[in-house]
>>> print(open('coords16.txt').read())   # compact mmCIF, C-alpha atoms
# COMPACT_ATOMS: atom_id res chain seq x y z
CA MET A 1 42.81 -3.49 -8.05
CA SER A 2 40.10 -1.47 -9.79
CA THR A 3 36.74 -0.88 -8.13
CA PHE A 4 33.47 -2.35 -9.39
CA LYS A 5 32.29 1.10 -10.43
CA GLU A 6 35.43 1.56 -12.55
CA ARG A 7 35.06 -1.87 -14.15
CA LEU A 8 31.38 -1.24 -14.91
CA ALA A 9 32.11 2.23 -16.32
CA GLY A 10 34.90 0.69 -18.43
CA ALA A 11 32.57 -1.93 -19.94
CA VAL A 12 29.86 0.69 -20.56
CA GLU A 13 32.33 2.86 -22.43
CA ARG A 14 34.19 0.16 -24.39
CA HIS A 15 31.00 -1.60 -25.49
CA GLU A 16 28.92 1.60 -25.76
CA SER A 17 26.29 -0.33 -23.88
CA LEU A 18 23.93 -0.10 -20.92
CA VAL A 19 22.70 -3.66 -21.46
CA CYS A 20 22.94 -6.00 -18.48
CA VAL A 21 22.31 -9.59 -19.62
CA GLY A 22 20.21 -11.58 -17.13
CA LEU A 23 21.07 -15.26 -16.71
CA ASP A 24 18.02 -16.88 -15.06
CA PRO A 25 17.93 -20.24 -16.83
CA VAL A 26 15.11 -22.77 -16.49
CA PRO A 27 16.04 -26.26 -17.78
CA GLU A 28 12.58 -26.86 -19.29
CA ARG A 29 12.99 -23.85 -21.57
CA LEU A 30 16.43 -24.66 -22.98
CA PRO A 31 16.49 -25.02 -26.78
CA ALA A 32 16.46 -28.43 -28.46
CA GLY A 33 19.83 -30.17 -28.57
CA ILE A 34 20.87 -29.01 -25.10
CA SER A 35 20.35 -31.31 -22.12
CA ARG A 36 17.72 -30.03 -19.70
CA ASP A 37 19.90 -30.12 -16.61
CA ALA A 38 22.68 -28.20 -14.87
CA GLU A 39 25.22 -29.19 -17.50
CA GLY A 40 22.91 -27.95 -20.26
CA ILE A 41 22.50 -24.67 -18.43
CA ALA A 42 26.26 -24.16 -18.21
CA LYS A 43 26.58 -24.89 -21.94
CA PHE A 44 23.66 -22.62 -22.91
CA ASN A 45 24.99 -19.77 -20.77
CA HIS A 46 28.44 -20.19 -22.28
CA ARG A 47 26.99 -19.70 -25.77
CA LEU A 48 24.86 -16.76 -24.63
CA ILE A 49 27.87 -15.08 -23.05
CA GLU A 50 30.01 -15.62 -26.17
CA ALA A 51 27.23 -14.16 -28.32
CA THR A 52 26.66 -11.04 -26.19
CA ALA A 53 29.86 -10.22 -24.28
CA ASP A 54 30.90 -7.52 -26.76
CA ILE A 55 27.59 -5.67 -26.47
CA ALA A 56 26.98 -6.05 -22.72
CA CYS A 57 28.16 -3.91 -19.82
CA CYS A 58 27.32 -6.55 -17.21
CA PHE A 59 26.02 -10.11 -16.72
CA LYS A 60 23.54 -10.85 -13.93
CA PRO A 61 22.99 -14.49 -12.95
CA ASN A 62 20.24 -15.10 -10.39
CA PHE A 63 21.37 -17.46 -7.64
CA PRO A 64 18.25 -19.57 -6.94
CA PHE A 65 17.88 -20.56 -10.60
CA TYR A 66 21.12 -22.50 -10.03
CA GLY A 67 20.60 -23.45 -6.37
CA ALA A 68 17.28 -25.09 -7.29
CA LEU A 69 19.34 -27.69 -9.20
CA GLY A 70 21.47 -28.61 -6.18
CA ALA A 71 25.24 -29.06 -6.17
CA PRO A 72 25.40 -29.49 -9.99
CA GLY A 73 23.52 -26.19 -10.32
CA PHE A 74 26.06 -24.51 -8.07
CA GLU A 75 28.81 -25.89 -10.29
CA ALA A 76 26.99 -24.58 -13.40
CA LEU A 77 26.84 -21.11 -11.82
CA LYS A 78 30.56 -21.18 -11.12
CA LYS A 79 31.29 -22.22 -14.72
CA THR A 80 28.95 -19.48 -15.98
CA ILE A 81 30.72 -16.77 -13.99
CA ASP A 82 34.11 -18.12 -15.11
CA ALA A 83 32.94 -17.92 -18.74
CA VAL A 84 32.37 -14.16 -18.59
CA PRO A 85 35.36 -12.24 -20.03
CA ASP A 86 37.39 -10.40 -17.38
CA ASP A 87 36.51 -6.99 -18.78
CA VAL A 88 32.75 -7.41 -18.20
CA PRO A 89 31.64 -7.47 -14.55
CA VAL A 90 29.28 -10.06 -13.06
CA LEU A 91 26.49 -9.02 -10.68
CA LEU A 92 25.09 -11.94 -8.69
CA ASP A 93 21.46 -11.46 -7.75
CA CYS A 94 20.56 -13.15 -4.48
CA LYS A 95 18.94 -10.42 -2.33
CA VAL A 96 20.30 -11.64 1.00
CA GLY A 97 21.43 -10.03 4.25
CA ASP A 98 21.99 -11.40 7.74
CA ILE A 99 23.82 -10.78 11.03
CA GLY A 100 27.61 -10.42 10.92
CA SER A 101 29.02 -13.95 10.97
CA THR A 102 26.33 -15.20 8.57
CA ALA A 103 26.63 -12.26 6.18
CA ASP A 104 30.36 -12.93 6.21
CA ARG A 105 29.66 -16.44 4.85
CA TRP A 106 27.26 -15.07 2.19
CA ALA A 107 29.89 -12.55 1.10
CA HIS A 108 32.50 -15.31 0.97
CA MET A 109 30.18 -17.43 -1.19
CA VAL A 110 29.42 -14.59 -3.60
CA PHE A 111 32.78 -12.83 -3.88
CA VAL A 112 35.37 -15.54 -3.12
CA GLU A 113 33.84 -18.94 -3.91
CA LEU A 114 31.89 -17.74 -6.96
CA GLY A 115 34.07 -14.74 -7.82
CA ALA A 116 31.25 -12.29 -8.62
CA ASP A 117 32.06 -8.58 -8.99
CA ALA A 118 28.88 -7.35 -7.30
CA VAL A 119 25.83 -8.56 -5.39
CA VAL A 120 22.22 -7.56 -4.70
CA VAL A 121 21.38 -7.39 -0.97
CA ASN A 122 18.30 -6.82 1.19
CA PRO A 123 18.49 -3.94 3.72
CA TYR A 124 15.78 -5.05 6.19
CA MET A 125 18.26 -6.00 8.95
CA GLY A 126 20.29 -2.77 8.79
CA THR A 127 23.94 -1.75 8.50
CA ASP A 128 25.71 -4.56 10.35
CA ALA A 129 23.92 -7.12 8.14
CA LEU A 130 25.50 -5.55 5.06
CA THR A 131 28.92 -4.54 6.39
CA PRO A 132 30.59 -7.87 5.53
CA PHE A 133 29.59 -7.27 1.88
CA LEU A 134 30.50 -3.56 1.93
CA GLU A 135 33.98 -4.33 3.25
CA TYR A 136 34.90 -5.95 -0.07
CA GLU A 137 35.64 -2.48 -1.39
CA ASP A 138 36.65 -3.63 -4.88
CA ARG A 139 33.20 -5.24 -5.31
CA GLY A 140 29.78 -3.64 -5.77
CA VAL A 141 26.77 -3.85 -3.43
CA PHE A 142 23.32 -3.07 -4.85
CA VAL A 143 20.73 -2.43 -2.14
CA LEU A 144 17.04 -3.23 -2.70
CA CYS A 145 15.15 0.05 -2.29
CA HIS A 146 11.92 0.14 -4.28
CA THR A 147 11.23 -3.06 -6.20
CA SER A 148 9.11 -3.57 -9.31
CA ASN A 149 6.64 -6.15 -7.96
CA PRO A 150 3.05 -5.54 -6.76
CA GLY A 151 3.97 -6.26 -3.10
CA ALA A 152 6.54 -3.45 -3.16
CA VAL A 153 3.86 -1.04 -1.90
CA GLU A 154 3.12 -3.04 1.26
CA PHE A 155 6.19 -2.07 3.29
CA GLN A 156 8.46 0.00 1.02
CA ARG A 157 5.84 2.74 0.65
CA LEU A 158 4.86 3.00 4.33
CA SER A 159 5.54 6.56 5.36
CA LEU A 160 7.59 8.25 8.10
CA ASP A 161 7.72 12.05 8.37
CA GLY A 162 6.42 12.32 4.84
CA ALA A 163 9.04 10.01 3.35
CA PRO A 164 8.39 6.40 2.34
CA LEU A 165 10.51 3.60 3.82
CA PHE A 166 12.40 3.13 0.56
CA GLU A 167 13.66 6.72 0.76
CA HIS A 168 15.05 6.01 4.23
CA VAL A 169 16.83 3.02 2.67
CA VAL A 170 18.19 5.22 -0.13
CA ARG A 171 19.49 7.77 2.40
CA ARG A 172 21.22 5.06 4.41
CA THR A 173 22.69 3.58 1.23
CA LEU A 174 24.19 6.97 0.38
CA GLU A 175 25.93 6.89 3.79
CA TRP A 176 27.26 3.39 3.11
CA ASP A 177 28.49 4.58 -0.26
CA GLU A 178 30.12 7.60 1.39
CA THR A 179 32.16 5.18 3.53
CA HIS A 180 32.83 2.35 1.07
CA ASN A 181 32.31 3.90 -2.39
CA ASN A 182 30.84 0.68 -3.75
CA CYS A 183 27.03 0.94 -3.50
CA GLY A 184 24.20 1.01 -5.98
CA ILE A 185 20.44 1.06 -5.44
CA VAL A 186 17.70 -1.12 -6.93
CA VAL A 187 14.58 0.75 -8.11
CA GLY A 188 12.21 -1.19 -10.34
CA ALA A 189 11.55 0.26 -13.78
CA THR A 190 7.82 0.09 -12.95
CA GLN A 191 8.37 2.73 -10.24
CA ALA A 192 8.81 5.69 -12.60
CA GLY A 193 7.43 8.24 -10.12
CA SER A 194 9.77 7.09 -7.37
CA MET A 195 12.70 7.06 -9.74
CA ALA A 196 12.00 10.63 -10.82
CA ARG A 197 11.71 11.70 -7.16
CA LEU A 198 14.98 9.95 -6.23
CA ARG A 199 16.87 11.54 -9.12
CA ARG A 200 15.97 15.01 -7.83
CA MET B 201 0.59 -35.15 4.93
CA SER B 202 0.98 -33.44 8.30
CA THR B 203 1.69 -29.71 8.52
CA PHE B 204 4.96 -28.24 9.76
CA LYS B 205 3.22 -26.93 12.87
CA GLU B 206 1.96 -30.45 13.67
CA ARG B 207 5.40 -31.98 13.12
CA LEU B 208 7.05 -29.34 15.29
CA ALA B 209 4.43 -29.75 18.04
CA GLY B 210 4.92 -33.52 17.84
CA ALA B 211 8.70 -33.25 18.33
CA VAL B 212 8.24 -30.74 21.17
CA GLU B 213 5.90 -33.12 22.96
CA ARG B 214 7.74 -36.41 22.32
CA HIS B 215 11.14 -35.00 23.27
CA GLU B 216 9.79 -32.63 25.95
CA SER B 217 12.03 -30.06 24.35
CA LEU B 218 12.04 -26.50 23.04
CA VAL B 219 15.67 -26.82 21.89
CA CYS B 220 16.37 -26.01 18.25
CA VAL B 221 19.90 -27.13 17.34
CA GLY B 222 21.69 -24.65 15.06
CA LEU B 223 24.00 -26.10 12.41
CA ASP B 224 26.29 -23.23 11.31
CA PRO B 225 29.58 -25.07 10.82
CA VAL B 226 32.91 -23.37 10.11
CA PRO B 227 35.61 -25.77 8.84
CA GLU B 228 38.38 -24.06 10.85
CA ARG B 229 36.58 -24.81 14.11
CA LEU B 230 35.93 -28.51 13.54
CA PRO B 231 37.47 -30.78 16.22
CA ALA B 232 40.74 -32.62 15.62
CA GLY B 233 40.41 -35.80 13.58
CA ILE B 234 37.78 -34.37 11.23
CA SER B 235 38.84 -32.95 7.87
CA ARG B 236 38.36 -29.19 7.63
CA ASP B 237 36.25 -29.22 4.50
CA ALA B 238 32.71 -29.90 3.29
CA GLU B 239 33.08 -33.63 3.88
CA GLY B 240 34.25 -33.01 7.44
CA ILE B 241 31.25 -30.76 8.02
CA ALA B 242 28.84 -33.46 6.85
CA LYS B 243 30.51 -35.98 9.16
CA PHE B 244 30.57 -33.59 12.15
CA ASN B 245 26.91 -32.67 11.66
CA HIS B 246 25.97 -36.33 11.40
CA ARG B 247 27.53 -36.99 14.82
CA LEU B 248 25.94 -33.87 16.30
CA ILE B 249 22.52 -34.91 15.01
CA GLU B 250 22.91 -38.46 16.35
CA ALA B 251 23.92 -37.07 19.75
CA THR B 252 21.04 -34.58 20.05
CA ALA B 253 18.09 -35.81 17.97
CA ASP B 254 16.28 -37.26 20.99
CA ILE B 255 16.43 -33.98 22.92
CA ALA B 256 15.77 -31.53 20.07
CA CYS B 257 12.49 -30.26 18.65
CA CYS B 258 14.10 -28.88 15.49
CA PHE B 259 17.40 -28.58 13.58
CA LYS B 260 18.32 -25.29 11.91
CA PRO B 261 21.13 -25.31 9.33
CA ASN B 262 22.14 -21.91 7.99
CA PHE B 263 22.49 -21.93 4.20
CA PRO B 264 25.50 -19.66 3.55
CA PHE B 265 27.73 -21.67 5.92
CA TYR B 266 27.39 -24.42 3.31
CA GLY B 267 27.16 -22.26 0.19
CA ALA B 268 30.46 -20.60 1.10
CA LEU B 269 32.10 -23.99 0.41
CA GLY B 270 30.69 -24.25 -3.11
CA ALA B 271 29.10 -27.34 -4.66
CA PRO B 272 30.66 -29.69 -2.05
CA GLY B 273 29.14 -27.49 0.67
CA PHE B 274 25.75 -27.78 -0.98
CA GLU B 275 26.17 -31.56 -0.99
CA ALA B 276 27.15 -31.48 2.71
CA LEU B 277 23.96 -29.54 3.49
CA LYS B 278 21.85 -32.10 1.64
CA LYS B 279 23.53 -34.94 3.56
CA THR B 280 23.01 -33.05 6.82
CA ILE B 281 19.29 -32.60 6.22
CA ASP B 282 18.98 -36.25 5.17
CA ALA B 283 20.67 -37.29 8.43
CA VAL B 284 17.94 -35.72 10.60
CA PRO B 285 15.39 -38.34 11.74
CA ASP B 286 12.00 -37.96 10.05
CA ASP B 287 10.25 -37.10 13.30
CA VAL B 288 12.31 -33.94 13.91
CA PRO B 289 11.69 -31.06 11.48
CA VAL B 290 14.44 -29.10 9.72
CA LEU B 291 14.25 -25.31 9.44
CA LEU B 292 16.58 -23.90 6.78
CA ASP B 293 17.76 -20.40 7.57
CA CYS B 294 18.43 -18.35 4.46
CA LYS B 295 16.39 -15.13 4.89
CA VAL B 296 15.51 -14.69 1.22
CA GLY B 297 12.55 -13.34 -0.75
CA ASP B 298 12.15 -12.23 -4.36
CA ILE B 299 9.61 -11.67 -7.14
CA GLY B 300 7.40 -14.61 -8.14
CA SER B 301 9.43 -16.67 -10.60
CA THR B 302 12.62 -16.23 -8.56
CA ALA B 303 10.96 -16.97 -5.22
CA ASP B 304 9.56 -20.08 -6.89
CA ARG B 305 13.14 -21.23 -7.56
CA TRP B 306 14.21 -20.44 -3.96
CA ALA B 307 11.25 -22.43 -2.63
CA HIS B 308 12.12 -25.32 -4.95
CA MET B 309 15.72 -25.27 -3.69
CA VAL B 310 14.70 -25.22 -0.02
CA PHE B 311 11.68 -27.53 0.00
CA VAL B 312 12.22 -29.90 -2.95
CA GLU B 313 15.95 -30.07 -3.71
CA LEU B 314 17.05 -29.89 -0.06
CA GLY B 315 13.86 -31.26 1.51
CA ALA B 316 13.66 -28.81 4.44
CA ASP B 317 10.45 -28.63 6.49
CA ALA B 318 10.55 -24.86 6.97
CA VAL B 319 12.42 -21.73 5.89
CA VAL B 320 13.26 -18.23 7.15
CA VAL B 321 12.29 -15.47 4.69
CA ASN B 322 12.71 -11.69 4.41
CA PRO B 323 9.47 -9.66 4.01
CA TYR B 324 10.87 -6.45 2.46
CA MET B 325 9.41 -7.14 -1.01
CA GLY B 326 5.88 -7.94 0.20
CA THR B 327 3.30 -10.68 -0.27
CA ASP B 328 3.97 -11.83 -3.83
CA ALA B 329 7.66 -12.34 -2.95
CA LEU B 330 6.67 -14.86 -0.28
CA THR B 331 3.65 -16.53 -1.90
CA PRO B 332 5.70 -19.25 -3.65
CA PHE B 333 6.98 -20.31 -0.21
CA LEU B 334 3.58 -19.98 1.49
CA GLU B 335 1.95 -22.20 -1.12
CA TYR B 336 3.88 -25.20 0.20
CA GLU B 337 1.21 -25.56 2.87
CA ASP B 338 2.79 -28.61 4.55
CA ARG B 339 5.97 -26.57 5.15
CA GLY B 340 6.64 -23.70 7.56
CA VAL B 341 7.55 -20.10 6.68
CA PHE B 342 9.21 -17.95 9.37
CA VAL B 343 9.13 -14.25 8.55
CA LEU B 344 11.84 -11.86 9.79
CA CYS B 345 10.09 -9.26 11.93
CA HIS B 346 12.36 -7.79 14.61
CA THR B 347 15.88 -9.18 14.54
CA SER B 348 18.45 -9.37 17.34
CA ASN B 349 21.28 -7.39 15.73
CA PRO B 350 22.24 -3.73 16.37
CA GLY B 351 21.09 -2.64 12.87
CA ALA B 352 17.58 -3.91 13.60
CA VAL B 353 16.63 -0.44 14.88
CA GLU B 354 17.50 1.32 11.61
CA PHE B 355 14.47 0.27 9.57
CA GLN B 356 12.48 -2.22 11.66
CA ARG B 357 11.83 0.36 14.40
CA LEU B 358 11.01 3.28 12.11
CA SER B 359 7.56 4.45 13.07
CA LEU B 360 5.63 4.27 9.81
CA ASP B 361 2.01 5.37 9.68
CA GLY B 362 1.84 5.15 13.49
CA ALA B 363 3.50 1.78 14.21
CA PRO B 364 7.04 0.44 13.92
CA LEU B 365 7.75 -1.32 10.64
CA PHE B 366 8.15 -4.69 12.35
CA GLU B 367 4.57 -4.47 13.66
CA HIS B 368 3.30 -3.91 10.13
CA VAL B 369 5.22 -7.05 9.17
CA VAL B 370 3.71 -9.00 12.08
CA ARG B 371 0.19 -7.92 11.10
CA ARG B 372 0.75 -8.93 7.50
CA THR B 373 2.23 -12.27 8.62
CA LEU B 374 -0.93 -12.96 10.63
CA GLU B 375 -2.91 -12.47 7.40
CA TRP B 376 -0.61 -14.87 5.53
CA ASP B 377 -1.04 -17.37 8.34
CA GLU B 378 -4.81 -16.90 8.20
CA THR B 379 -4.69 -18.00 4.54
CA HIS B 380 -1.98 -20.67 4.62
CA ASN B 381 -1.74 -21.73 8.30
CA ASN B 382 2.01 -22.22 8.04
CA CYS B 383 3.68 -19.02 9.29
CA GLY B 384 5.93 -18.13 12.19
CA ILE B 385 7.64 -14.87 13.09
CA VAL B 386 11.26 -14.13 13.96
CA VAL B 387 11.78 -11.81 16.94
CA GLY B 388 15.30 -11.71 18.38
CA ALA B 389 15.66 -12.68 22.04
CA THR B 390 17.43 -9.34 22.58
CA GLN B 391 14.14 -7.56 21.75
CA ALA B 392 12.37 -8.35 25.02
CA GLY B 393 10.24 -5.19 24.98
CA SER B 394 9.00 -5.84 21.46
CA MET B 395 8.32 -9.46 22.27
CA ALA B 396 6.22 -8.49 25.30
CA ARG B 397 4.32 -5.95 23.18
CA LEU B 398 3.69 -8.49 20.42
CA ARG B 399 2.44 -11.12 22.86
CA ARG B 400 -0.26 -8.75 24.10
>>> encode(input="coords16.txt", output="structure tokens")
Amino acid sequence: MSTFKERLAGAVERHESLVCVGLDPVPERLPAGISRDAEGIAKFNHRLIEATADIACCFKPNFPFYGALGAPGFEALKKTIDAVPDDVPVLLDCKVGDIGSTADRWAHMVFVELGADAVVVNPYMGTDALTPFLEYEDRGVFVLCHTSNPGAVEFQRLSLDGAPLFEHVVRRTLEWDETHNNCGIVVGATQAGSMARLRR
Amino acid sequence: MSTFKERLAGAVERHESLVCVGLDPVPERLPAGISRDAEGIAKFNHRLIEATADIACCFKPNFPFYGALGAPGFEALKKTIDAVPDDVPVLLDCKVGDIGSTADRWAHMVFVELGADAVVVNPYMGTDALTPFLEYEDRGVFVLCHTSNPGAVEFQRLSLDGAPLFEHVVRRTLEWDETHNNCGIVVGATQAGSMARLRR
């Protein structure tokens, strides 16, 4: 089986694209003619995926936009992921992380039950909270480092030995990637200074 | 409407109990005679709740144990929460947190769709990632501070600007509680030293 990084690189190359299509649907904003419920969301996403799959390198549904609609929302998410062509990977955004047995259930939900290719996780609880995700070595694990929102400065920029917390997270993520070769980092596009510093 | 803190204090007093009953079901471990699927989980939880509701001050289901079973698991979680008597609050463990519009969807899932009384959240992204939860002022918001797992030392104990990260989180949580009067903190029972320090 190919790795997530290989599948992503393949889609980038074939479609000459760095576009990741977000799928964060809100029923109230669906166009006329589509029912404003979980079923409508599945239908809308299906059309969106058909219209963009040849110019996208990735699709990124956001879990709570589906979970907020209950079991039918969960079903709509599953249908959405199934509708993405096999040659374009799916990154499920849910930003979770928990102790071993619980993280194991999250990873099962994301990778087995929903069949996503990659996930976004939260590093606050440390290595053992992410290991159950990392052990799916054919999937990708994106670790929140420095996020784009105003509150990102409150903890992520606190400083130790001259380095902000998010740089400690980046360093640890590089270690996880060394072991599992399946990590990415999340740095908000509003954090241009941090991004420049991290690239060096 | 009463606050979460009032409802919790009421259950503690009426049942003379500090016992919070965890509901983290795994189908493979259900007793004989109960189907090893989402329906079996709902039935098992129902019996467990009936057997313990008069000696519990709270029930705490753990989201991914249900999410891992897909839409039927979500339905089983909803049935489980509905089965808890109104005078005992339900704390949904999911340890999430995200930017505004996404956190709004998480909060809707937890408090409206599932009807939980309280939630566990992750503070890494800062205030605006938790505000949508905090604004449900009749519900409770427990913030991860110092967790019980081995990886807790990796980031939570980093000494940032003179204090461990988890103390910065505690201080910020006290501010959120000052504004919304609905916060709690999570400190693992393995962190006795930190707990003693925080109590002072």
>>> calpha_fit_rmsd(input="coords16.txt", fixed="chain A", moving="chain B")
0.4 Å
>>> closest_atom_pairs(input="coords16.txt", of="region 269-348 of chain B", to="region 216-239 of chain B", cutoff="12 Å", atoms="only C-alpha atoms", output="tab-separated table")
residue	atom	partner	partner_atom	distance
B:Leu269	CA	B:Ala238	CA	6.6
B:Gly270	CA	B:Ala238	CA	8.8
B:Ala271	CA	B:Ala238	CA	9.1
B:Pro272	CA	B:Ala238	CA	5.7
B:Gly273	CA	B:Ala238	CA	5.0
B:Phe274	CA	B:Ala238	CA	8.4
B:Glu275	CA	B:Ala238	CA	8.0
B:Ala276	CA	B:Ala238	CA	5.8
B:Leu277	CA	B:Ala238	CA	8.8
B:Lys278	CA	B:Ala238	CA	11.2
B:Lys279	CA	B:Glu239	CA	9.6
B:Thr280	CA	B:Leu223	CA	9.0
B:Ile281	CA	B:Leu223	CA	10.1
B:Val284	CA	B:Val221	CA	11.1
B:Val288	CA	B:Cys220	CA	9.9
B:Pro289	CA	B:Cys220	CA	9.7
B:Val290	CA	B:Cys220	CA	9.3
B:Leu291	CA	B:Cys220	CA	9.1
B:Leu292	CA	B:Leu223	CA	9.6
B:Asp293	CA	B:Gly222	CA	9.5
B:Cys294	CA	B:Asp224	CA	11.5
>>> interface_residues(input="coords16.txt", of="chain B", to="chain A", cutoff="6 Å", atoms="only C-alpha atoms", output="PyMOL selection string")
chain B and resi 264-265+267-268+271+274-275+296+305-306+308-309+325-328+351-352+354+360-361
>>> closest_residue(input="coords16.txt", among="B:Val370, B:Val386, B:Ile255, B:Met201", to="Tyr336 (chain B)", atoms="all atoms listed in the file")
B:Met201
>>> atom_distance(input="coords16.txt", atom1="CA of Cys383 (chain B)", atom2="CA of Leu334 (chain B)")
7.9 Å
>>> atom_distance(input="coords16.txt", atom1="CA of Cys57 (chain A)", atom2="CA of Phe142 (chain A)")
15.8 Å
>>> atom_distance(input="coords16.txt", atom1="CA of Asp117 (chain A)", atom2="CA of Val319 (chain B)")
27.9 Å
>>> axis_aligned_box(input="coords16.txt", around="region 240-255 of chain B", padding_each_side="6 Å", output="AutoDock Vina command-line options")
--center_x 25.3 --center_y -34.6 --center_z 14.9 --size_x 30.0 --size_y 19.7 --size_z 28.1
>>> closest_residue(input="coords16.txt", among="A:Glu50, A:Asp138, A:Glu167, A:Asp87", to="Arg14 (chain A)", atoms="all atoms listed in the file")
A:Asp87
>>> closest_residue(input="coords16.txt", among="B:Glu375, B:Ile385, B:Ala283, B:Ala396", to="Val320 (chain B)", atoms="all atoms listed in the file")
B:Ile385
>>> build_atoms(input="coords16.txt", residues="region 387-400 of chain B", atoms="N, CA, C and O atoms", output="PDB file, keeping the file's coordinate frame")
ATOM      1  N   VAL B 387      11.508 -12.957  16.074  1.00  0.00           N
ATOM      2  CA  VAL B 387      11.780 -11.810  16.940  1.00  0.00           C
ATOM      3  C   VAL B 387      12.997 -12.174  17.776  1.00  0.00           C
ATOM      4  O   VAL B 387      12.977 -13.179  18.492  1.00  0.00           O
ATOM      5  N   GLY B 388      14.064 -11.408  17.670  1.00  0.00           N
ATOM      6  CA  GLY B 388      15.300 -11.710  18.380  1.00  0.00           C
ATOM      7  C   GLY B 388      15.097 -11.695  19.886  1.00  0.00           C
ATOM      8  O   GLY B 388      14.322 -10.881  20.403  1.00  0.00           O
ATOM      9  N   ALA B 389      15.807 -12.584  20.585  1.00  0.00           N
ATOM     10  CA  ALA B 389      15.660 -12.680  22.040  1.00  0.00           C
ATOM     11  C   ALA B 389      16.203 -11.438  22.738  1.00  0.00           C
ATOM     12  O   ALA B 389      15.951 -11.214  23.920  1.00  0.00           O
ATOM     13  N   THR B 390      16.942 -10.598  21.995  1.00  0.00           N
ATOM     14  CA  THR B 390      17.430  -9.340  22.580  1.00  0.00           C
ATOM     15  C   THR B 390      16.320  -8.278  22.579  1.00  0.00           C
ATOM     16  O   THR B 390      16.484  -7.224  23.167  1.00  0.00           O
ATOM     17  N   GLN B 391      15.214  -8.552  21.882  1.00  0.00           N
ATOM     18  CA  GLN B 391      14.140  -7.560  21.750  1.00  0.00           C
ATOM     19  C   GLN B 391      13.013  -7.874  22.718  1.00  0.00           C
ATOM     20  O   GLN B 391      11.860  -8.074  22.324  1.00  0.00           O
ATOM     21  N   ALA B 392      13.344  -7.918  24.021  1.00  0.00           N
ATOM     22  CA  ALA B 392      12.370  -8.350  25.020  1.00  0.00           C
ATOM     23  C   ALA B 392      11.135  -7.445  25.047  1.00  0.00           C
ATOM     24  O   ALA B 392      10.007  -7.920  25.148  1.00  0.00           O
ATOM     25  N   GLY B 393      11.359  -6.133  24.938  1.00  0.00           N
ATOM     26  CA  GLY B 393      10.240  -5.190  24.980  1.00  0.00           C
ATOM     27  C   GLY B 393       9.276  -5.426  23.824  1.00  0.00           C
ATOM     28  O   GLY B 393       8.055  -5.482  24.012  1.00  0.00           O
ATOM     29  N   SER B 394       9.839  -5.603  22.630  1.00  0.00           N
ATOM     30  CA  SER B 394       9.000  -5.840  21.460  1.00  0.00           C
ATOM     31  C   SER B 394       8.255  -7.163  21.595  1.00  0.00           C
ATOM     32  O   SER B 394       7.092  -7.284  21.208  1.00  0.00           O
ATOM     33  N   MET B 395       8.950  -8.146  22.148  1.00  0.00           N
ATOM     34  CA  MET B 395       8.320  -9.460  22.270  1.00  0.00           C
ATOM     35  C   MET B 395       7.129  -9.371  23.218  1.00  0.00           C
ATOM     36  O   MET B 395       6.056  -9.901  22.928  1.00  0.00           O
ATOM     37  N   ALA B 396       7.316  -8.656  24.338  1.00  0.00           N
ATOM     38  CA  ALA B 396       6.220  -8.490  25.300  1.00  0.00           C
ATOM     39  C   ALA B 396       5.049  -7.772  24.626  1.00  0.00           C
ATOM     40  O   ALA B 396       3.899  -8.179  24.754  1.00  0.00           O
ATOM     41  N   ARG B 397       5.369  -6.719  23.856  1.00  0.00           N
ATOM     42  CA  ARG B 397       4.320  -5.950  23.180  1.00  0.00           C
ATOM     43  C   ARG B 397       3.564  -6.823  22.174  1.00  0.00           C
ATOM     44  O   ARG B 397       2.346  -6.759  22.058  1.00  0.00           O
ATOM     45  N   LEU B 398       4.322  -7.652  21.432  1.00  0.00           N
ATOM     46  CA  LEU B 398       3.690  -8.490  20.420  1.00  0.00           C
ATOM     47  C   LEU B 398       2.821  -9.581  21.039  1.00  0.00           C
ATOM     48  O   LEU B 398       1.812  -9.983  20.474  1.00  0.00           O
ATOM     49  N   ARG B 399       3.222 -10.055  22.226  1.00  0.00           N
ATOM     50  CA  ARG B 399       2.440 -11.120  22.860  1.00  0.00           C
ATOM     51  C   ARG B 399       1.099 -10.603  23.353  1.00  0.00           C
ATOM     52  O   ARG B 399       0.167 -11.376  23.541  1.00  0.00           O
ATOM     53  N   ARG B 400       1.008  -9.293  23.589  1.00  0.00           N
ATOM     54  CA  ARG B 400      -0.260  -8.750  24.100  1.00  0.00           C
ATOM     55  C   ARG B 400      -1.317  -8.666  23.019  1.00  0.00           C
ATOM     56  O   ARG B 400      -1.058  -8.708  21.860  1.00  0.00           O
TER      57      ARG B 400
END
